[in-house]
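The file input.txt comes next; it holds compact mmCIF, N, CA, C and O atoms.
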# COMPACT_ATOMS: atom_id res chain seq x y z
N MET B 163 -9.43 168.90 -5.41
CA MET B 163 -8.83 168.95 -4.09
C MET B 163 -7.36 169.33 -4.22
O MET B 163 -6.61 168.75 -4.99
N LYS B 164 -6.95 170.29 -3.48
CA LYS B 164 -5.59 170.79 -3.51
C LYS B 164 -4.71 169.99 -2.54
O LYS B 164 -5.09 169.72 -1.42
N LYS B 165 -3.52 169.60 -3.02
CA LYS B 165 -2.55 168.89 -2.18
C LYS B 165 -1.25 169.69 -2.12
O LYS B 165 -0.85 170.31 -3.09
N THR B 166 -0.61 169.61 -1.00
CA THR B 166 0.70 170.24 -0.83
C THR B 166 1.75 169.16 -0.77
O THR B 166 1.61 168.17 -0.06
N ILE B 167 2.80 169.35 -1.55
CA ILE B 167 3.94 168.43 -1.52
C ILE B 167 5.06 169.08 -0.74
O ILE B 167 5.41 170.23 -0.97
N ARG B 168 5.63 168.34 0.17
CA ARG B 168 6.75 168.83 0.97
C ARG B 168 8.03 168.18 0.44
O ARG B 168 8.12 166.97 0.34
N LEU B 169 9.01 169.00 0.11
CA LEU B 169 10.32 168.50 -0.31
C LEU B 169 11.29 168.67 0.84
O LEU B 169 11.45 169.76 1.38
N LEU B 170 11.95 167.58 1.21
CA LEU B 170 13.03 167.63 2.19
C LEU B 170 14.30 167.23 1.45
O LEU B 170 14.31 166.25 0.70
N GLN B 171 15.36 167.98 1.67
CA GLN B 171 16.59 167.76 0.90
C GLN B 171 17.79 167.79 1.81
O GLN B 171 17.87 168.59 2.74
N THR B 172 18.71 166.85 1.58
CA THR B 172 19.99 166.84 2.28
C THR B 172 21.10 166.98 1.24
O THR B 172 20.90 166.72 0.06
N SER B 173 22.25 167.38 1.72
CA SER B 173 23.40 167.53 0.83
C SER B 173 24.67 167.54 1.67
O SER B 173 24.66 167.94 2.84
N ASP B 174 25.76 167.09 1.07
CA ASP B 174 27.08 167.18 1.71
C ASP B 174 27.14 166.46 3.06
O ASP B 174 27.73 166.96 4.01
N LEU B 175 26.59 165.27 3.12
CA LEU B 175 26.68 164.48 4.36
C LEU B 175 28.09 163.94 4.57
O LEU B 175 28.50 163.70 5.70
N HIS B 176 28.82 163.73 3.50
CA HIS B 176 30.23 163.33 3.52
C HIS B 176 30.53 162.12 4.41
O HIS B 176 31.60 162.03 5.00
N GLY B 177 29.58 161.20 4.50
CA GLY B 177 29.83 159.96 5.22
C GLY B 177 29.78 160.07 6.72
O GLY B 177 30.19 159.15 7.43
N TYR B 178 29.27 161.16 7.23
CA TYR B 178 29.14 161.30 8.69
C TYR B 178 27.81 160.71 9.13
O TYR B 178 26.76 161.09 8.63
N ILE B 179 27.87 159.78 10.06
CA ILE B 179 26.66 159.15 10.57
C ILE B 179 26.23 159.86 11.85
O ILE B 179 25.09 160.30 11.97
N TYR B 180 27.11 159.95 12.82
CA TYR B 180 26.80 160.56 14.11
C TYR B 180 27.27 162.01 14.14
O TYR B 180 28.16 162.40 13.40
N PRO B 181 26.69 162.83 15.03
CA PRO B 181 27.10 164.23 15.10
C PRO B 181 28.41 164.42 15.86
O PRO B 181 28.50 165.12 16.86
N ARG B 182 29.43 163.74 15.36
CA ARG B 182 30.76 163.82 15.95
C ARG B 182 31.81 163.87 14.86
O ARG B 182 31.67 163.22 13.82
N SER B 183 32.85 164.59 15.09
CA SER B 183 34.00 164.56 14.21
C SER B 183 34.69 163.22 14.37
O SER B 183 34.96 162.79 15.50
N TYR B 184 34.98 162.53 13.28
CA TYR B 184 35.68 161.25 13.38
C TYR B 184 37.10 161.43 13.89
O TYR B 184 37.67 160.52 14.48
N SER B 185 37.69 162.57 13.66
CA SER B 185 39.09 162.75 14.07
C SER B 185 39.22 163.25 15.51
O SER B 185 40.14 162.86 16.21
N THR B 186 38.31 164.10 15.98
CA THR B 186 38.43 164.64 17.33
C THR B 186 37.40 164.06 18.31
O THR B 186 37.54 164.24 19.51
N MET B 187 36.37 163.40 17.80
CA MET B 187 35.25 162.86 18.58
C MET B 187 34.48 163.94 19.33
O MET B 187 33.73 163.67 20.25
N GLN B 188 34.66 165.18 18.92
CA GLN B 188 33.91 166.29 19.49
C GLN B 188 32.57 166.44 18.77
O GLN B 188 32.47 166.16 17.57
N TYR B 189 31.56 166.92 19.49
CA TYR B 189 30.25 167.15 18.88
C TYR B 189 30.38 168.19 17.76
O TYR B 189 31.06 169.19 17.91
N GLU B 190 29.74 167.91 16.65
CA GLU B 190 29.60 168.86 15.55
C GLU B 190 28.18 168.74 15.03
O GLU B 190 27.53 167.71 15.16
N ASN B 191 27.69 169.78 14.44
CA ASN B 191 26.34 169.80 13.90
C ASN B 191 26.33 169.12 12.52
O ASN B 191 26.10 169.77 11.50
N ILE B 192 26.58 167.83 12.51
CA ILE B 192 26.69 167.05 11.28
C ILE B 192 26.06 165.68 11.52
O ILE B 192 25.68 165.35 12.64
N GLY B 193 25.97 164.89 10.48
CA GLY B 193 25.60 163.49 10.62
C GLY B 193 24.18 163.16 10.20
O GLY B 193 23.24 163.89 10.49
N ILE B 194 24.07 162.04 9.50
CA ILE B 194 22.78 161.60 8.99
C ILE B 194 21.84 161.17 10.12
O ILE B 194 20.62 161.29 10.00
N ALA B 195 22.36 160.71 11.26
CA ALA B 195 21.49 160.31 12.38
C ALA B 195 20.74 161.52 12.92
O ALA B 195 19.54 161.44 13.22
N GLN B 196 21.42 162.63 13.04
CA GLN B 196 20.79 163.86 13.53
C GLN B 196 19.76 164.37 12.53
O GLN B 196 18.66 164.78 12.91
N ILE B 197 20.09 164.29 11.27
CA ILE B 197 19.16 164.74 10.23
C ILE B 197 17.95 163.81 10.17
O ILE B 197 16.83 164.26 9.91
N SER B 198 18.15 162.53 10.44
CA SER B 198 17.06 161.58 10.43
C SER B 198 15.96 161.99 11.40
O SER B 198 14.77 161.87 11.10
N SER B 199 16.34 162.48 12.56
CA SER B 199 15.36 162.94 13.54
C SER B 199 14.52 164.09 13.00
O SER B 199 13.31 164.13 13.18
N LEU B 200 15.17 165.02 12.33
CA LEU B 200 14.44 166.15 11.74
C LEU B 200 13.52 165.69 10.61
O LEU B 200 12.38 166.15 10.51
N ILE B 201 14.02 164.79 9.79
CA ILE B 201 13.20 164.27 8.69
C ILE B 201 11.96 163.58 9.24
O ILE B 201 10.85 163.81 8.77
N ASN B 202 12.14 162.76 10.27
CA ASN B 202 11.00 162.07 10.88
C ASN B 202 9.99 163.06 11.46
O ASN B 202 8.79 162.81 11.45
N LYS B 203 10.47 164.17 11.95
CA LYS B 203 9.59 165.19 12.53
C LYS B 203 8.71 165.85 11.46
O LYS B 203 7.54 166.14 11.72
N TYR B 204 9.26 166.08 10.28
CA TYR B 204 8.54 166.84 9.25
C TYR B 204 7.94 165.99 8.13
O TYR B 204 7.17 166.47 7.33
N ARG B 205 8.29 164.73 8.08
CA ARG B 205 7.83 163.87 6.99
C ARG B 205 6.37 163.47 7.18
O ARG B 205 5.93 163.18 8.28
N ASN B 206 5.64 163.46 6.05
CA ASN B 206 4.29 162.92 6.03
C ASN B 206 4.08 162.21 4.69
O ASN B 206 5.03 162.04 3.92
N GLU B 207 2.86 161.79 4.41
CA GLU B 207 2.59 161.02 3.19
C GLU B 207 2.79 161.83 1.91
O GLU B 207 2.86 161.28 0.82
N ASN B 208 2.91 163.14 2.04
CA ASN B 208 3.12 164.00 0.86
C ASN B 208 4.54 164.54 0.77
O ASN B 208 4.79 165.56 0.14
N THR B 209 5.48 163.85 1.40
CA THR B 209 6.88 164.29 1.44
C THR B 209 7.72 163.52 0.44
O THR B 209 7.59 162.31 0.30
N ILE B 210 8.59 164.24 -0.24
CA ILE B 210 9.61 163.65 -1.10
C ILE B 210 10.96 163.98 -0.48
O ILE B 210 11.26 165.14 -0.21
N LEU B 211 11.76 162.94 -0.24
CA LEU B 211 13.08 163.10 0.39
C LEU B 211 14.16 162.90 -0.67
O LEU B 211 14.22 161.87 -1.33
N ILE B 212 15.02 163.91 -0.80
CA ILE B 212 16.04 163.94 -1.85
C ILE B 212 17.41 164.21 -1.21
O ILE B 212 17.52 165.01 -0.29
N ASP B 213 18.45 163.56 -1.73
CA ASP B 213 19.81 163.91 -1.36
C ASP B 213 20.52 164.44 -2.60
O ASP B 213 20.42 163.87 -3.68
N SER B 214 21.27 165.53 -2.41
CA SER B 214 21.91 166.21 -3.54
C SER B 214 23.39 165.89 -3.69
O SER B 214 24.12 166.64 -4.33
N GLY B 215 23.85 164.81 -3.10
CA GLY B 215 25.21 164.36 -3.38
C GLY B 215 26.24 164.72 -2.34
O GLY B 215 25.97 165.32 -1.32
N ASP B 216 27.48 164.32 -2.65
CA ASP B 216 28.61 164.40 -1.73
C ASP B 216 28.27 163.65 -0.44
O ASP B 216 28.43 164.14 0.66
N THR B 217 27.82 162.43 -0.63
CA THR B 217 27.28 161.62 0.45
C THR B 217 28.28 160.58 0.95
O THR B 217 28.42 160.39 2.15
N ILE B 218 28.97 159.90 0.04
CA ILE B 218 29.81 158.78 0.44
C ILE B 218 31.30 159.07 0.25
O ILE B 218 32.10 158.16 0.08
N GLN B 219 31.69 160.32 0.33
CA GLN B 219 33.09 160.71 0.22
C GLN B 219 33.31 161.96 1.05
O GLN B 219 32.45 162.83 1.08
N GLY B 220 34.44 162.02 1.74
CA GLY B 220 34.80 163.26 2.40
C GLY B 220 35.07 163.17 3.89
O GLY B 220 35.25 164.18 4.54
N SER B 221 35.12 161.96 4.43
CA SER B 221 35.43 161.81 5.85
C SER B 221 36.44 160.67 6.03
O SER B 221 36.62 159.86 5.11
N PRO B 222 37.09 160.59 7.18
CA PRO B 222 37.99 159.46 7.42
C PRO B 222 37.29 158.11 7.27
O PRO B 222 37.87 157.14 6.78
N PHE B 223 36.02 158.03 7.69
CA PHE B 223 35.25 156.80 7.58
C PHE B 223 35.08 156.39 6.12
O PHE B 223 35.31 155.24 5.75
N THR B 224 34.68 157.33 5.27
CA THR B 224 34.48 156.99 3.86
C THR B 224 35.80 156.73 3.16
O THR B 224 35.85 155.93 2.23
N TYR B 225 36.88 157.38 3.60
CA TYR B 225 38.19 157.08 3.05
C TYR B 225 38.57 155.63 3.37
O TYR B 225 39.05 154.89 2.52
N PHE B 226 38.34 155.23 4.62
CA PHE B 226 38.61 153.85 5.02
C PHE B 226 37.80 152.88 4.16
O PHE B 226 38.33 151.86 3.69
N LEU B 227 36.53 153.17 3.94
CA LEU B 227 35.69 152.30 3.10
C LEU B 227 36.19 152.23 1.66
O LEU B 227 36.09 151.19 1.03
N SER B 228 36.74 153.33 1.16
CA SER B 228 37.24 153.32 -0.22
C SER B 228 38.47 152.42 -0.35
O SER B 228 38.71 151.85 -1.41
N LYS B 229 39.23 152.28 0.71
CA LYS B 229 40.43 151.43 0.69
C LYS B 229 40.14 150.00 1.15
O LYS B 229 40.95 149.10 0.94
N ASN B 230 39.00 149.79 1.80
CA ASN B 230 38.58 148.49 2.31
C ASN B 230 37.13 148.25 1.94
O ASN B 230 36.24 148.26 2.80
N PRO B 231 36.87 148.06 0.66
CA PRO B 231 35.47 147.99 0.22
C PRO B 231 34.73 146.80 0.83
O PRO B 231 35.31 145.74 1.06
N ILE B 232 33.48 147.05 1.11
CA ILE B 232 32.59 146.00 1.59
C ILE B 232 31.42 145.91 0.61
O ILE B 232 31.24 146.78 -0.24
N LYS B 233 30.64 144.86 0.74
CA LYS B 233 29.60 144.60 -0.25
C LYS B 233 28.57 145.73 -0.33
O LYS B 233 28.18 146.14 -1.41
N ILE B 234 28.10 146.22 0.81
CA ILE B 234 27.10 147.28 0.83
C ILE B 234 27.62 148.44 1.68
O ILE B 234 27.97 148.26 2.84
N ASN B 235 27.65 149.61 1.09
CA ASN B 235 28.12 150.79 1.80
C ASN B 235 27.14 151.12 2.94
O ASN B 235 25.93 151.20 2.72
N PRO B 236 27.63 151.31 4.18
CA PRO B 236 26.73 151.59 5.30
C PRO B 236 25.89 152.86 5.12
O PRO B 236 24.76 152.91 5.58
N ILE B 237 26.44 153.85 4.46
CA ILE B 237 25.68 155.07 4.22
C ILE B 237 24.48 154.77 3.32
O ILE B 237 23.37 155.25 3.56
N SER B 238 24.70 153.97 2.30
CA SER B 238 23.60 153.56 1.43
C SER B 238 22.54 152.80 2.21
O SER B 238 21.33 153.01 2.00
N SER B 239 22.96 151.93 3.10
CA SER B 239 22.00 151.18 3.92
C SER B 239 21.16 152.12 4.79
O SER B 239 19.95 151.93 4.92
N ILE B 240 21.81 153.11 5.37
CA ILE B 240 21.08 154.08 6.20
C ILE B 240 20.09 154.87 5.35
O ILE B 240 18.94 155.07 5.75
N MET B 241 20.52 155.29 4.17
CA MET B 241 19.62 156.05 3.30
C MET B 241 18.43 155.19 2.84
O MET B 241 17.31 155.69 2.75
N ASN B 242 18.67 153.92 2.59
CA ASN B 242 17.57 153.02 2.25
C ASN B 242 16.62 152.89 3.44
O ASN B 242 15.39 152.91 3.27
N TYR B 243 17.15 152.75 4.63
CA TYR B 243 16.34 152.65 5.84
C TYR B 243 15.48 153.90 6.03
O TYR B 243 14.32 153.83 6.44
N MET B 244 16.06 155.06 5.70
CA MET B 244 15.34 156.33 5.85
C MET B 244 14.36 156.57 4.70
O MET B 244 13.61 157.53 4.73
N LYS B 245 14.38 155.72 3.71
CA LYS B 245 13.46 155.78 2.57
C LYS B 245 13.61 157.05 1.74
O LYS B 245 12.64 157.75 1.45
N TYR B 246 14.86 157.33 1.36
CA TYR B 246 15.08 158.42 0.41
C TYR B 246 14.37 158.08 -0.89
O TYR B 246 14.39 156.94 -1.35
N ASP B 247 13.76 159.09 -1.49
CA ASP B 247 13.05 158.88 -2.75
C ASP B 247 13.98 159.04 -3.95
O ASP B 247 13.85 158.31 -4.93
N TYR B 248 14.89 160.01 -3.86
CA TYR B 248 15.81 160.29 -4.97
C TYR B 248 17.17 160.70 -4.40
O TYR B 248 17.24 161.32 -3.35
N ILE B 249 18.23 160.34 -5.13
CA ILE B 249 19.57 160.82 -4.80
C ILE B 249 20.25 161.25 -6.09
O ILE B 249 19.92 160.78 -7.18
N THR B 250 21.18 162.16 -5.97
CA THR B 250 22.02 162.54 -7.09
C THR B 250 23.48 162.32 -6.69
O THR B 250 23.79 162.23 -5.50
N ILE B 251 24.32 162.26 -7.65
CA ILE B 251 25.76 162.09 -7.42
C ILE B 251 26.38 163.48 -7.32
O ILE B 251 26.13 164.33 -8.17
N GLY B 252 27.18 163.67 -6.30
CA GLY B 252 27.83 164.96 -6.12
C GLY B 252 29.16 165.03 -6.85
O GLY B 252 29.61 164.05 -7.46
N ASN B 253 29.79 166.18 -6.78
CA ASN B 253 31.06 166.36 -7.49
C ASN B 253 32.21 165.62 -6.83
O ASN B 253 33.28 165.51 -7.41
N HIS B 254 32.04 165.09 -5.63
CA HIS B 254 33.10 164.32 -4.96
C HIS B 254 32.93 162.82 -5.10
O HIS B 254 33.79 162.09 -4.66
N GLU B 255 31.81 162.35 -5.63
CA GLU B 255 31.60 160.92 -5.75
C GLU B 255 32.13 160.35 -7.03
O GLU B 255 32.32 160.89 -8.01
Reformat the file's structure so that it appears as structure tokens.
Amino acid sequence: MKKTIRLLQTSDLHGYIYPRSYSTMQYENIGIAQISSLINKYRNENTILIDSGDTIQGSPFTYFLSKNPIKINPISSIMNYMKYDYITIGNHE
């Protein structure tokens, strides 16, 4: 029996959760919440979800977290909730 595996991959999330610029609060085509909707649309039992890095660095929010560390990074919590299968460390982490 032949099976098809679907790979879904994200990269360069840079700590953006919502599709808004943290500095201007204007809509931008960014954010893990927006991507989550797409992932849920295409994910099935044969899907592997991967992130290719530059996830927790690169925005005012992640800069704030780097200076005010908390026990669990919110981006990591979101990725766990979304059930990422694999992640890699990017060149900015």
At what distance in Å, to one decimal, does atom O of Pro236 (chain B) lie from atom O of Asn208 (chain B)? 24.3 Å
If we count only N, CA, C and O atoms, what is near Thr209 (chain B) at a cut-off of 7 Å, once residues fewer than 2 positions away on the same chain are taken out, given as a list of chain:residue names?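 My reading of the contact set: B:Thr166, B:Ile167, B:Arg168, B:Leu169, B:Leu170, B:Tyr204, B:Arg205, B:Asn206, B:Glu207, B:Leu211, B:Lys245.
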Show me, as a CSV table (one decimal) with N, CA, C and O atoms, keeping the file's coordinate frame, the residues that have an atom within 8 Å of region 220-233 of chain B when counting all atoms listed in the file, minus same-chain residues fewer than 4 positions from it.
chain,number,residue,atom,x,y,z
B,175,LEU,N,26.6,165.3,3.1
B,175,LEU,CA,26.7,164.5,4.4
B,175,LEU,C,28.1,163.9,4.6
B,175,LEU,O,28.5,163.7,5.7
B,176,HIS,N,28.8,163.7,3.5
B,176,HIS,CA,30.2,163.3,3.5
B,176,HIS,C,30.5,162.1,4.4
B,176,HIS,O,31.6,162.0,5.0
B,177,GLY,N,29.6,161.2,4.5
B,177,GLY,CA,29.8,160.0,5.2
B,177,GLY,C,29.8,160.1,6.7
B,177,GLY,O,30.2,159.2,7.4
B,178,TYR,N,29.3,161.2,7.2
B,178,TYR,CA,29.1,161.3,8.7
B,178,TYR,C,27.8,160.7,9.1
B,178,TYR,O,26.8,161.1,8.6
B,184,TYR,N,35.0,162.5,13.3
B,184,TYR,CA,35.7,161.2,13.4
B,184,TYR,C,37.1,161.4,13.9
B,184,TYR,O,37.7,160.5,14.5
B,185,SER,N,37.7,162.6,13.7
B,185,SER,CA,39.1,162.8,14.1
B,185,SER,C,39.2,163.2,15.5
B,185,SER,O,40.1,162.9,16.2
B,216,ASP,N,27.5,164.3,-2.6
B,216,ASP,CA,28.6,164.4,-1.7
B,216,ASP,C,28.3,163.6,-0.4
B,216,ASP,O,28.4,164.1,0.7
B,254,HIS,N,32.0,165.1,-5.6
B,254,HIS,CA,33.1,164.3,-5.0
B,254,HIS,C,32.9,162.8,-5.1
B,254,HIS,O,33.8,162.1,-4.7
B,255,GLU,N,31.8,162.4,-5.6
B,255,GLU,CA,31.6,160.9,-5.8
B,255,GLU,C,32.1,160.4,-7.0
B,255,GLU,O,32.3,160.9,-8.0
Which residues, written as a list in words, have at least one atom at most 5 Å from Ile212 (chain B), with all atoms listed in the file counted and residues fewer than 3 positions away on the same chain left out?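 Non-adjacent residues within range: Leu170, Gln171, Thr172 and Tyr248 of chain B.
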Measuring between only N, CA, C and O atoms, which one of B:Gln188, B:Asn202, B:Ser214, B:Ser183 shows the shortest distance to Gly252 (chain B)?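 Among the listed residues, B:Ser214 lies closest to Gly252 (chain B).
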I need the strand (DSSP E or B) residues of chain B per DSSP on the backbone, written as a list in words. Arg168, Leu169, Leu170, Gln171, Thr172, Arg182, Tyr189, Thr209, Ile210, Leu211, Ile212, Asp213, Tyr248 and Ile249 of chain B
Restrict the selected residues to N, CA, C and O atoms and save them as a short mmCIF file (atom, residue, chain, number, x, y, z; two decimals), in the frame of the given file.
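Final file, selection.cif:
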data_model
loop_
_atom_site.label_atom_id
_atom_site.label_comp_id
_atom_site.auth_asym_id
_atom_site.auth_seq_id
_atom_site.Cartn_x
_atom_site.Cartn_y
_atom_site.Cartn_z
N ARG B 168 5.63 168.34 0.17
CA ARG B 168 6.75 168.83 0.97
C ARG B 168 8.03 168.18 0.44
O ARG B 168 8.12 166.97 0.34
N LEU B 169 9.01 169.00 0.11
CA LEU B 169 10.32 168.50 -0.31
C LEU B 169 11.29 168.67 0.84
O LEU B 169 11.45 169.76 1.38
N LEU B 170 11.95 167.58 1.21
CA LEU B 170 13.03 167.63 2.19
C LEU B 170 14.30 167.23 1.45
O LEU B 170 14.31 166.25 0.70
N GLN B 171 15.36 167.98 1.67
CA GLN B 171 16.59 167.76 0.90
C GLN B 171 17.79 167.79 1.81
O GLN B 171 17.87 168.59 2.74
N THR B 172 18.71 166.85 1.58
CA THR B 172 19.99 166.84 2.28
C THR B 172 21.10 166.98 1.24
O THR B 172 20.90 166.72 0.06
N ARG B 182 29.43 163.74 15.36
CA ARG B 182 30.76 163.82 15.95
C ARG B 182 31.81 163.87 14.86
O ARG B 182 31.67 163.22 13.82
N TYR B 189 31.56 166.92 19.49
CA TYR B 189 30.25 167.15 18.88
C TYR B 189 30.38 168.19 17.76
O TYR B 189 31.06 169.19 17.91
N THR B 209 5.48 163.85 1.40
CA THR B 209 6.88 164.29 1.44
C THR B 209 7.72 163.52 0.44
O THR B 209 7.59 162.31 0.30
N ILE B 210 8.59 164.24 -0.24
CA ILE B 210 9.61 163.65 -1.10
C ILE B 210 10.96 163.98 -0.48
O ILE B 210 11.26 165.14 -0.21
N LEU B 211 11.76 162.94 -0.24
CA LEU B 211 13.08 163.10 0.39
C LEU B 211 14.16 162.90 -0.67
O LEU B 211 14.22 161.87 -1.33
N ILE B 212 15.02 163.91 -0.80
CA ILE B 212 16.04 163.94 -1.85
C ILE B 212 17.41 164.21 -1.21
O ILE B 212 17.52 165.01 -0.29
N ASP B 213 18.45 163.56 -1.73
CA ASP B 213 19.81 163.91 -1.36
C ASP B 213 20.52 164.44 -2.60
O ASP B 213 20.42 163.87 -3.68
N TYR B 248 14.89 160.01 -3.86
CA TYR B 248 15.81 160.29 -4.97
C TYR B 248 17.17 160.70 -4.40
O TYR B 248 17.24 161.32 -3.35
N ILE B 249 18.23 160.34 -5.13
CA ILE B 249 19.57 160.82 -4.80
C ILE B 249 20.25 161.25 -6.09
O ILE B 249 19.92 160.78 -7.18
#
Please identify all polymer residues within 4.5 Å of region 191-200 of chain B, counting only N, CA, C and O atoms, omitting same-chain residues fewer than 5 positions from it, and present them as number ranges by chain. B: 178-181
Given the selection you just returned, output its residues as a file containing N, CA, C and O atoms, formatted as a compact mmCIF listing (two decimals), in the coordinates of the input.
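Output contents, as saved in out_14.txt:
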# COMPACT_ATOMS: atom_id res chain seq x y z
N TYR B 178 29.27 161.16 7.23
CA TYR B 178 29.14 161.30 8.69
C TYR B 178 27.81 160.71 9.13
O TYR B 178 26.76 161.09 8.63
N ILE B 179 27.87 159.78 10.06
CA ILE B 179 26.66 159.15 10.57
C ILE B 179 26.23 159.86 11.85
O ILE B 179 25.09 160.30 11.97
N TYR B 180 27.11 159.95 12.82
CA TYR B 180 26.80 160.56 14.11
C TYR B 180 27.27 162.01 14.14
O TYR B 180 28.16 162.40 13.40
N PRO B 181 26.69 162.83 15.03
CA PRO B 181 27.10 164.23 15.10
C PRO B 181 28.41 164.42 15.86
O PRO B 181 28.50 165.12 16.86
Write down as JSON, numbers by chain the residues of chain B whose backbone DSSP state falls under helix (DSSP H, G or I). {"B": [194, 195, 196, 197, 198, 199, 200, 201, 202, 203, 204, 222, 223, 224, 225, 226, 227, 228, 229, 236, 237, 238, 239, 240, 241, 242, 243]}
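Computed from the coordinates, the atom O of Ser239 (chain B) to atom C of Lys165 (chain B) distance equals 28.5 Å.
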In Å, with one decimal, what is the gap from atom N of Tyr243 (chain B) to atom N of Lys203 (chain B)? 15.1 Å
Option closest in space to Asp247 (chain B), from B:Met163, B:Ile218, B:Met187, B:Ile210 [counting only C-alpha atoms]: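 The shortest atom-to-atom distance to Asp247 (chain B) comes from B:Ile210.
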Taking all atoms of region 188-205 of chain B that appear in the file, build a box with edges along x, y and z, extend it by 3 Å on every side, and state its centre and edge lengths in Å to one decimal, as lines of an AutoDock Vina configuration file.
center_x = 20.3
center_y = 165.1
center_z = 13.2
size_x = 34.7
size_y = 15.5
size_z = 18.5
Counting only C-alpha atoms, figure out which residue out of B:Asn235, B:Thr217, B:Thr250, B:Asn242 gets nearest to Asp174 (chain B).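 Counting only C-alpha atoms, the residue closest to Asp174 (chain B) is B:Thr217.
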